[in-house]
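> Here's a structure for you.
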Amino acid sequence: MERKHFLTLGAGLTMGSLMGKNPMAHEAHNSQDQHQSWINRWREHDAPLPVTPDAHAPEMDGPYWDFLRGLFPLNPKITFLNNGTMGITPLPVLDALDKSFRNLAENAAYPMHDGSFEEQLARIVGCKGSELAITKNVSEGVNLACRAIQLSRGDEVIITRHEHVGGCAIWLYRAKTEGIVLKVIDLGSTAEETLQRVKEAKTNKTKVVALPHIPCTIGQVLPIKEICAWARANKIISAIDGAHPLGMIQFNLKDLGCDYYSGCFHKWLLGPIGTGFFFASEAILPQSIIHHVAAYSVDTFNMSTVPPAVGELVPKTARYSYGTFPGPMYDGAKAAMKFYLSIGPELIEKRVKHLSKMLMDGLMERNNRAKGPNGSDPNVAGKPPVMWKMHNSQGPIMQILTPLEDISRGAQVGFIIKGLKENTATQTPTNPSNTTPAKPPTASQRFCDYARKNNVILRYVAENDIHCVRVSTHYYNNLKDLQAFFDVLDAFMKEEGWY
Ligand SMILES: Cc1ncc(COP(=O)(O)O)c(C=O)c1O
């Protein structure tokens, strides 16, 4: 793969030392020691990061971001731009997991579910600890919310075309088995337009809006606060899939005003895999149906009385998390929350949005200077070149699906590569006994496969006929990662015949 340099690397890009690229092994060692000694102090005494962010910290690489990157033991051969699927675990979280699992093994310390975890999370997401339950992932929270709502045949639920299977499968299942009706809307290219589409989908049978705060497909940030306010005013329940916001953008559940919200720690908060949370507001809890009841769900039980007796459901959302508590995993999630606060939610949001903007700018720049096949002008003859500034505008070689509008943007960019080779590809059945021709892979899919072969990890969004490439940029990503992405993109486009 040809390596070009379209991005200027920040002056202090020295992460190679910790990532094993520095030929001076002892320096790498020192760096690791520096990180471990900071973690030891931080774990016990809340030590601040040893490097202070300067005024330009979110915009460029430098000692601050290099130090943080050094806390991620990611294989240096990998350029990881798929945080939207799974966050990579930083050392402070691994350290907390190790300590907690060891404590359990060495001291037989049964993990008590004492509510302190929910209290810590509540301070970040802006609700009461009593409105939170722990889950193992977002899908579990979405299922709890969906099953908590009493619905009858013909009742309508507004949902989007951009759902993840974890955000929609249970709604689809209830539609299939109980006859509730899903009204599927497309996203608008602005927050205003999306709000409008939700409003237009309402009928007198609408009972629920079940929407993602940030869909997995193109990372657009939906105007959830406005949608929930409208829903409340219309006596419609809001059940929000919050897989992505925690750790990426700042939000406050009271301010959003939703009834149910399901999130996780294993994406942008960089917590342990398999840790999530479920919010049910104190107003909606009394009318919420519960299906699983065990320890922590009810206050008392007694099988020796006649008849045997059960007490009351505990008056908090924690009733939804029952049985033995995976304490060490949640100690890891606690460390992830503490680490997130040590860096600062505002700074993280600025940084991730800045990196995704750089990515968009790089894509637009390529589109605007693109030549067509064999050097021809890819733009329509006689017309000025298409300058690709707007969301969803059709450039000659690509199309960005994520809005440019600041309030609708987070840390992910979805785009489609137009395939010169697509139209001519032969349709080869993958199975000789299957006479249905297999669809040839789209250019976007081929690009994701090509990138993976070059150790650049992206997400191909095959769902719901969207067929785009999704690039996630977290704060640990740096200009070098963006460079690796553009290098692999340029090499692919060249092979495709675009330039
Ligand atoms: C928007 C959205 N909802 C739900 C899920 C499912 O999350 P989990 O795997 O934690 O259940 C995902 C996962 O990527 C997602 O992106």
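Here, A, B, ... name the chains of the structure tokens in the order displayed, residue numbers run from 1 inside each chain, and ligands are numbered from 1 in the same displayed order.
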I'd like a table as a Markdown table: residues in chain A with an atom no more than 10 Å from ligand 1, each row giving the shortest atom pair and its distance in Å to one decimal, only C-alpha atoms and all ligand atoms counted, sorted by chain and rising residue number.


| residue | atom | partner | partner_atom_place_in_ligand_line | distance |
| --- | --- | --- | --- | --- |
| A:Asn83 | CA | ligand 1 | 14 (O) | 9.4 |
| A:Gly84 | CA | ligand 1 | 14 (O) | 6.3 |
| A:Thr85 | CA | ligand 1 | 14 (O) | 4.8 |
| A:Met86 | CA | ligand 1 | 14 (O) | 7.4 |
| A:Thr135 | CA | ligand 1 | 10 (O) | 9.3 |
| A:Lys136 | CA | ligand 1 | 10 (O) | 7.3 |
| A:Asn137 | CA | ligand 1 | 10 (O) | 3.8 |
| A:Val138 | CA | ligand 1 | 11 (O) | 3.9 |
| A:Ser139 | CA | ligand 1 | 11 (O) | 3.6 |
| A:Glu140 | CA | ligand 1 | 11 (O) | 6.3 |
| A:Gly141 | CA | ligand 1 | 11 (O) | 8.0 |
| A:Val142 | CA | ligand 1 | 4 (C) | 7.8 |
| A:Asn143 | CA | ligand 1 | 11 (O) | 9.8 |
| A:His162 | CA | ligand 1 | 1 (C) | 8.3 |
| A:Glu163 | CA | ligand 1 | 1 (C) | 6.3 |
| A:His164 | CA | ligand 1 | 2 (C) | 4.9 |
| A:Val165 | CA | ligand 1 | 4 (C) | 6.7 |
| A:Gly166 | CA | ligand 1 | 6 (C) | 4.3 |
| A:Gly167 | CA | ligand 1 | 3 (N) | 4.7 |
| A:Cys168 | CA | ligand 1 | 3 (N) | 8.2 |
| A:Ala169 | CA | ligand 1 | 4 (C) | 9.9 |
| A:Leu211 | CA | ligand 1 | 1 (C) | 9.0 |
| A:Pro212 | CA | ligand 1 | 1 (C) | 5.8 |
| A:His213 | CA | ligand 1 | 1 (C) | 7.7 |
| A:Ile214 | CA | ligand 1 | 1 (C) | 6.2 |
| A:Pro215 | CA | ligand 1 | 1 (C) | 4.5 |
| A:Cys216 | CA | ligand 1 | 16 (O) | 4.0 |
| A:Thr217 | CA | ligand 1 | 16 (O) | 7.5 |
| A:Ile218 | CA | ligand 1 | 1 (C) | 9.9 |
| A:Gly219 | CA | ligand 1 | 1 (C) | 8.7 |
| A:Ile240 | CA | ligand 1 | 3 (N) | 9.5 |
| A:Asp241 | CA | ligand 1 | 3 (N) | 5.8 |
| A:Gly242 | CA | ligand 1 | 1 (C) | 6.8 |
| A:Ala243 | CA | ligand 1 | 2 (C) | 4.8 |
| A:His244 | CA | ligand 1 | 16 (O) | 6.5 |
| A:Pro245 | CA | ligand 1 | 1 (C) | 9.6 |
| A:Ser262 | CA | ligand 1 | 4 (C) | 8.6 |
| A:Gly263 | CA | ligand 1 | 10 (O) | 7.4 |
| A:Cys264 | CA | ligand 1 | 10 (O) | 6.0 |
| A:Phe265 | CA | ligand 1 | 10 (O) | 8.4 |
| A:His266 | CA | ligand 1 | 10 (O) | 7.2 |
| A:Lys267 | CA | ligand 1 | 10 (O) | 7.9 |
| A:Ile273 | CA | ligand 1 | 10 (O) | 8.5 |
| A:Gly274 | CA | ligand 1 | 10 (O) | 7.0 |
| A:Thr275 | CA | ligand 1 | 10 (O) | 7.8 |
| A:Gly276 | CA | ligand 1 | 10 (O) | 6.9 |
| A:Phe277 | CA | ligand 1 | 10 (O) | 9.7 |

> Would you put the residues from that selection into a file with N, CA and C atoms, as a CSV table (one decimal), in the first residue's frame?


chain,number,residue,atom,x,y,z
A,83,ASN,N,-14.6,2.1,17.6
A,83,ASN,CA,-15.0,2.2,19.0
A,83,ASN,C,-16.6,2.1,19.2
A,84,GLY,N,-17.3,2.4,18.1
A,84,GLY,CA,-18.8,2.3,18.2
A,84,GLY,C,-19.2,0.9,18.4
A,85,THR,N,-18.4,-0.1,18.0
A,85,THR,CA,-18.8,-1.5,18.3
A,85,THR,C,-18.4,-1.9,19.7
A,86,MET,N,-17.1,-1.5,20.0
A,86,MET,CA,-16.6,-1.9,21.3
A,86,MET,C,-15.5,-1.0,21.7
A,135,THR,N,-27.2,-3.8,34.0
A,135,THR,CA,-27.6,-4.8,33.0
A,135,THR,C,-26.3,-5.3,32.4
A,136,LYS,N,-26.4,-6.3,31.5
A,136,LYS,CA,-25.1,-6.7,30.9
A,136,LYS,C,-24.8,-6.0,29.6
A,137,ASN,N,-25.8,-5.4,29.0
A,137,ASN,CA,-25.6,-4.7,27.7
A,137,ASN,C,-26.8,-3.9,27.4
A,138,VAL,N,-26.8,-3.2,26.3
A,138,VAL,CA,-27.8,-2.3,25.8
A,138,VAL,C,-29.1,-3.1,25.5
A,139,SER,N,-28.9,-4.2,24.8
A,139,SER,CA,-30.0,-5.0,24.3
A,139,SER,C,-30.9,-5.4,25.5
A,140,GLU,N,-30.2,-5.7,26.6
A,140,GLU,CA,-31.0,-6.1,27.8
A,140,GLU,C,-31.9,-4.9,28.3
A,141,GLY,N,-31.3,-3.7,28.3
A,141,GLY,CA,-32.1,-2.6,28.7
A,141,GLY,C,-33.2,-2.3,27.8
A,142,VAL,N,-33.0,-2.4,26.5
A,142,VAL,CA,-34.0,-2.1,25.5
A,142,VAL,C,-35.2,-3.2,25.7
A,143,ASN,N,-34.8,-4.4,26.0
A,143,ASN,CA,-35.8,-5.4,26.2
A,143,ASN,C,-36.6,-5.1,27.5
A,162,HIS,N,-32.9,3.2,11.2
A,162,HIS,CA,-31.5,3.1,11.5
A,162,HIS,C,-31.2,2.3,12.8
A,163,GLU,N,-32.1,1.4,13.1
A,163,GLU,CA,-31.9,0.6,14.4
A,163,GLU,C,-30.8,-0.4,14.2
A,164,HIS,N,-30.1,-0.7,15.4
A,164,HIS,CA,-29.3,-1.8,15.6
A,164,HIS,C,-30.2,-3.0,15.9
A,165,VAL,N,-29.8,-4.2,15.7
A,165,VAL,CA,-30.7,-5.3,16.0
A,165,VAL,C,-31.1,-5.3,17.5
A,166,GLY,N,-30.1,-4.9,18.4
A,166,GLY,CA,-30.4,-4.8,19.8
A,166,GLY,C,-31.4,-3.7,20.2
A,167,GLY,N,-31.6,-2.8,19.3
A,167,GLY,CA,-32.5,-1.7,19.6
A,167,GLY,C,-33.9,-2.0,19.0
A,168,CYS,N,-34.0,-2.9,18.1
A,168,CYS,CA,-35.3,-3.1,17.5
A,168,CYS,C,-35.9,-4.5,17.5
A,169,ALA,N,-35.0,-5.5,17.8
A,169,ALA,CA,-35.5,-6.9,17.6
A,169,ALA,C,-36.7,-7.2,18.5
A,211,LEU,N,-36.5,5.2,20.1
A,211,LEU,CA,-35.5,5.8,19.2
A,211,LEU,C,-34.1,5.7,19.8
A,212,PRO,N,-33.1,5.6,18.9
A,212,PRO,CA,-31.8,5.7,19.4
A,212,PRO,C,-31.4,7.1,19.6
A,213,HIS,N,-30.6,7.4,20.7
A,213,HIS,CA,-30.1,8.8,20.9
A,213,HIS,C,-29.0,9.0,19.8
A,214,ILE,N,-28.2,8.0,19.6
A,214,ILE,CA,-27.2,8.1,18.5
A,214,ILE,C,-27.3,6.7,17.8
A,215,PRO,N,-27.8,6.7,16.5
A,215,PRO,CA,-27.9,5.3,15.9
A,215,PRO,C,-26.5,4.8,15.5
A,216,CYS,N,-26.5,3.4,15.5
A,216,CYS,CA,-25.2,2.8,15.2
A,216,CYS,C,-24.8,3.0,13.8
A,217,THR,N,-25.7,3.4,12.9
A,217,THR,CA,-25.4,3.4,11.5
A,217,THR,C,-24.5,4.5,11.0
A,218,ILE,N,-24.9,5.8,11.3
A,218,ILE,CA,-24.2,6.9,10.8
A,218,ILE,C,-23.8,7.9,11.9
A,219,GLY,N,-24.1,7.5,13.2
A,219,GLY,CA,-23.6,8.3,14.3
A,219,GLY,C,-24.3,9.7,14.5
A,240,ILE,N,-35.6,5.2,25.0
A,240,ILE,CA,-34.4,5.6,24.2
A,240,ILE,C,-33.3,4.6,24.3
A,241,ASP,N,-32.8,4.2,23.1
A,241,ASP,CA,-31.6,3.4,23.1
A,241,ASP,C,-30.4,4.3,23.1
A,242,GLY,N,-29.7,4.2,24.3
A,242,GLY,CA,-28.6,5.1,24.5
A,242,GLY,C,-27.2,4.4,24.5
A,243,ALA,N,-27.1,3.5,23.5
A,243,ALA,CA,-25.8,2.7,23.4
A,243,ALA,C,-24.6,3.6,23.3
A,244,HIS,N,-24.7,4.7,22.6
A,244,HIS,CA,-23.4,5.5,22.3
A,244,HIS,C,-23.1,6.7,23.1
A,245,PRO,N,-24.0,7.4,23.6
A,245,PRO,CA,-23.7,8.7,24.2
A,245,PRO,C,-22.7,8.7,25.4
A,262,SER,N,-31.5,3.1,27.9
A,262,SER,CA,-30.6,2.0,28.1
A,262,SER,C,-29.3,2.3,27.5
A,263,GLY,N,-28.2,2.1,28.3
A,263,GLY,CA,-26.9,2.4,27.8
A,263,GLY,C,-25.9,1.3,28.2
A,264,CYS,N,-24.6,1.6,28.0
A,264,CYS,CA,-23.6,0.6,28.4
A,264,CYS,C,-22.3,1.3,28.7
A,265,PHE,N,-21.4,0.5,29.3
A,265,PHE,CA,-20.1,1.0,29.7
A,265,PHE,C,-19.0,0.5,28.7
A,266,HIS,N,-19.4,-0.5,27.9
A,266,HIS,CA,-18.4,-1.1,27.0
A,266,HIS,C,-18.2,-0.5,25.7
A,267,LYS,N,-18.8,0.7,25.4
A,267,LYS,CA,-18.5,1.4,24.2
A,267,LYS,C,-17.7,2.6,24.6
A,273,ILE,N,-16.2,-5.2,29.0
A,273,ILE,CA,-17.2,-5.7,28.0
A,273,ILE,C,-18.3,-6.4,28.8
A,274,GLY,N,-19.5,-6.2,28.4
A,274,GLY,CA,-20.7,-6.9,29.1
A,274,GLY,C,-21.2,-6.2,30.3
A,275,THR,N,-21.1,-4.8,30.3
A,275,THR,CA,-21.6,-4.0,31.4
A,275,THR,C,-22.5,-2.9,30.9
A,276,GLY,N,-23.7,-2.8,31.4
A,276,GLY,CA,-24.6,-1.8,30.9
A,276,GLY,C,-25.5,-1.3,32.0
A,277,PHE,N,-26.4,-0.4,31.7
A,277,PHE,CA,-27.3,0.2,32.7
A,277,PHE,C,-28.7,0.4,32.0

> Which residues are near region 174-177 of chain A? Cut-off 12 Å, only C-alpha atoms, ignore same chain within fewer than 3 positions. Put them as an MDAnalysis selection string.

chainID A and resid 143 146:147 149:157 168:171 180:183

> Using only C-alpha atoms, which of the listed residues (A:Ala411, A:Ile124, A:Ala484, A:Leu401) sits closest to Thr190 (chain A)?

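For Thr190 (chain A), the nearest of the candidates is A:Leu401.
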
> From a DSSP calculation on the backbone, collect every residue of region 99-296 of chain A in strand (DSSP E or B) and output the set as number ranges by chain.

A: 132-135, 156-160, 181-185, 206-212, 237-242, 260-264, 276-280

> Provide the CA of Glu312 (chain A) to CA of Ala294 (chain A) distance in Å, to one decimal place.

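For CA of Glu312 (chain A) relative to CA of Ala294 (chain A), the distance reads 11.7 Å.
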
> Could I get the residues of region 208-308 of chain A with an atom no further than 8 Å from an atom of region 87-108 of chain A, each paired with its nearest atom pair and that distance in Å to one decimal, using only C-alpha atoms, sorted by chain and residue number, as a tab-separated table?


residue	atom	partner	partner_atom	distance
A:His266	CA	A:Gly87	CA	5.6
A:Lys267	CA	A:Gly87	CA	4.3
A:Trp268	CA	A:Gly87	CA	5.7
A:Leu269	CA	A:Gly87	CA	7.2
A:Leu270	CA	A:Gly87	CA	4.8
A:Gly271	CA	A:Thr89	CA	6.4
A:Pro272	CA	A:Thr89	CA	6.8

> How would the residues just picked look written out with C-alpha atoms as a compact mmCIF listing (two decimals), in the first residue's frame?


# COMPACT_ATOMS: atom_id res chain seq x y z
CA HIS A 266 -18.39 -1.13 27.04
CA LYS A 267 -18.48 1.39 24.20
CA TRP A 268 -17.48 5.03 24.65
CA LEU A 269 -16.96 4.92 28.40
CA LEU A 270 -14.27 2.27 27.81
CA GLY A 271 -15.49 0.02 30.61
CA PRO A 272 -15.42 -3.79 30.76

> What's around Glu118 (chain A) at 9 Å? Count only C-alpha atoms, leave out sequence neighbours fewer than 6 positions away in its own chain, and write the answer as a count of residues only.

9
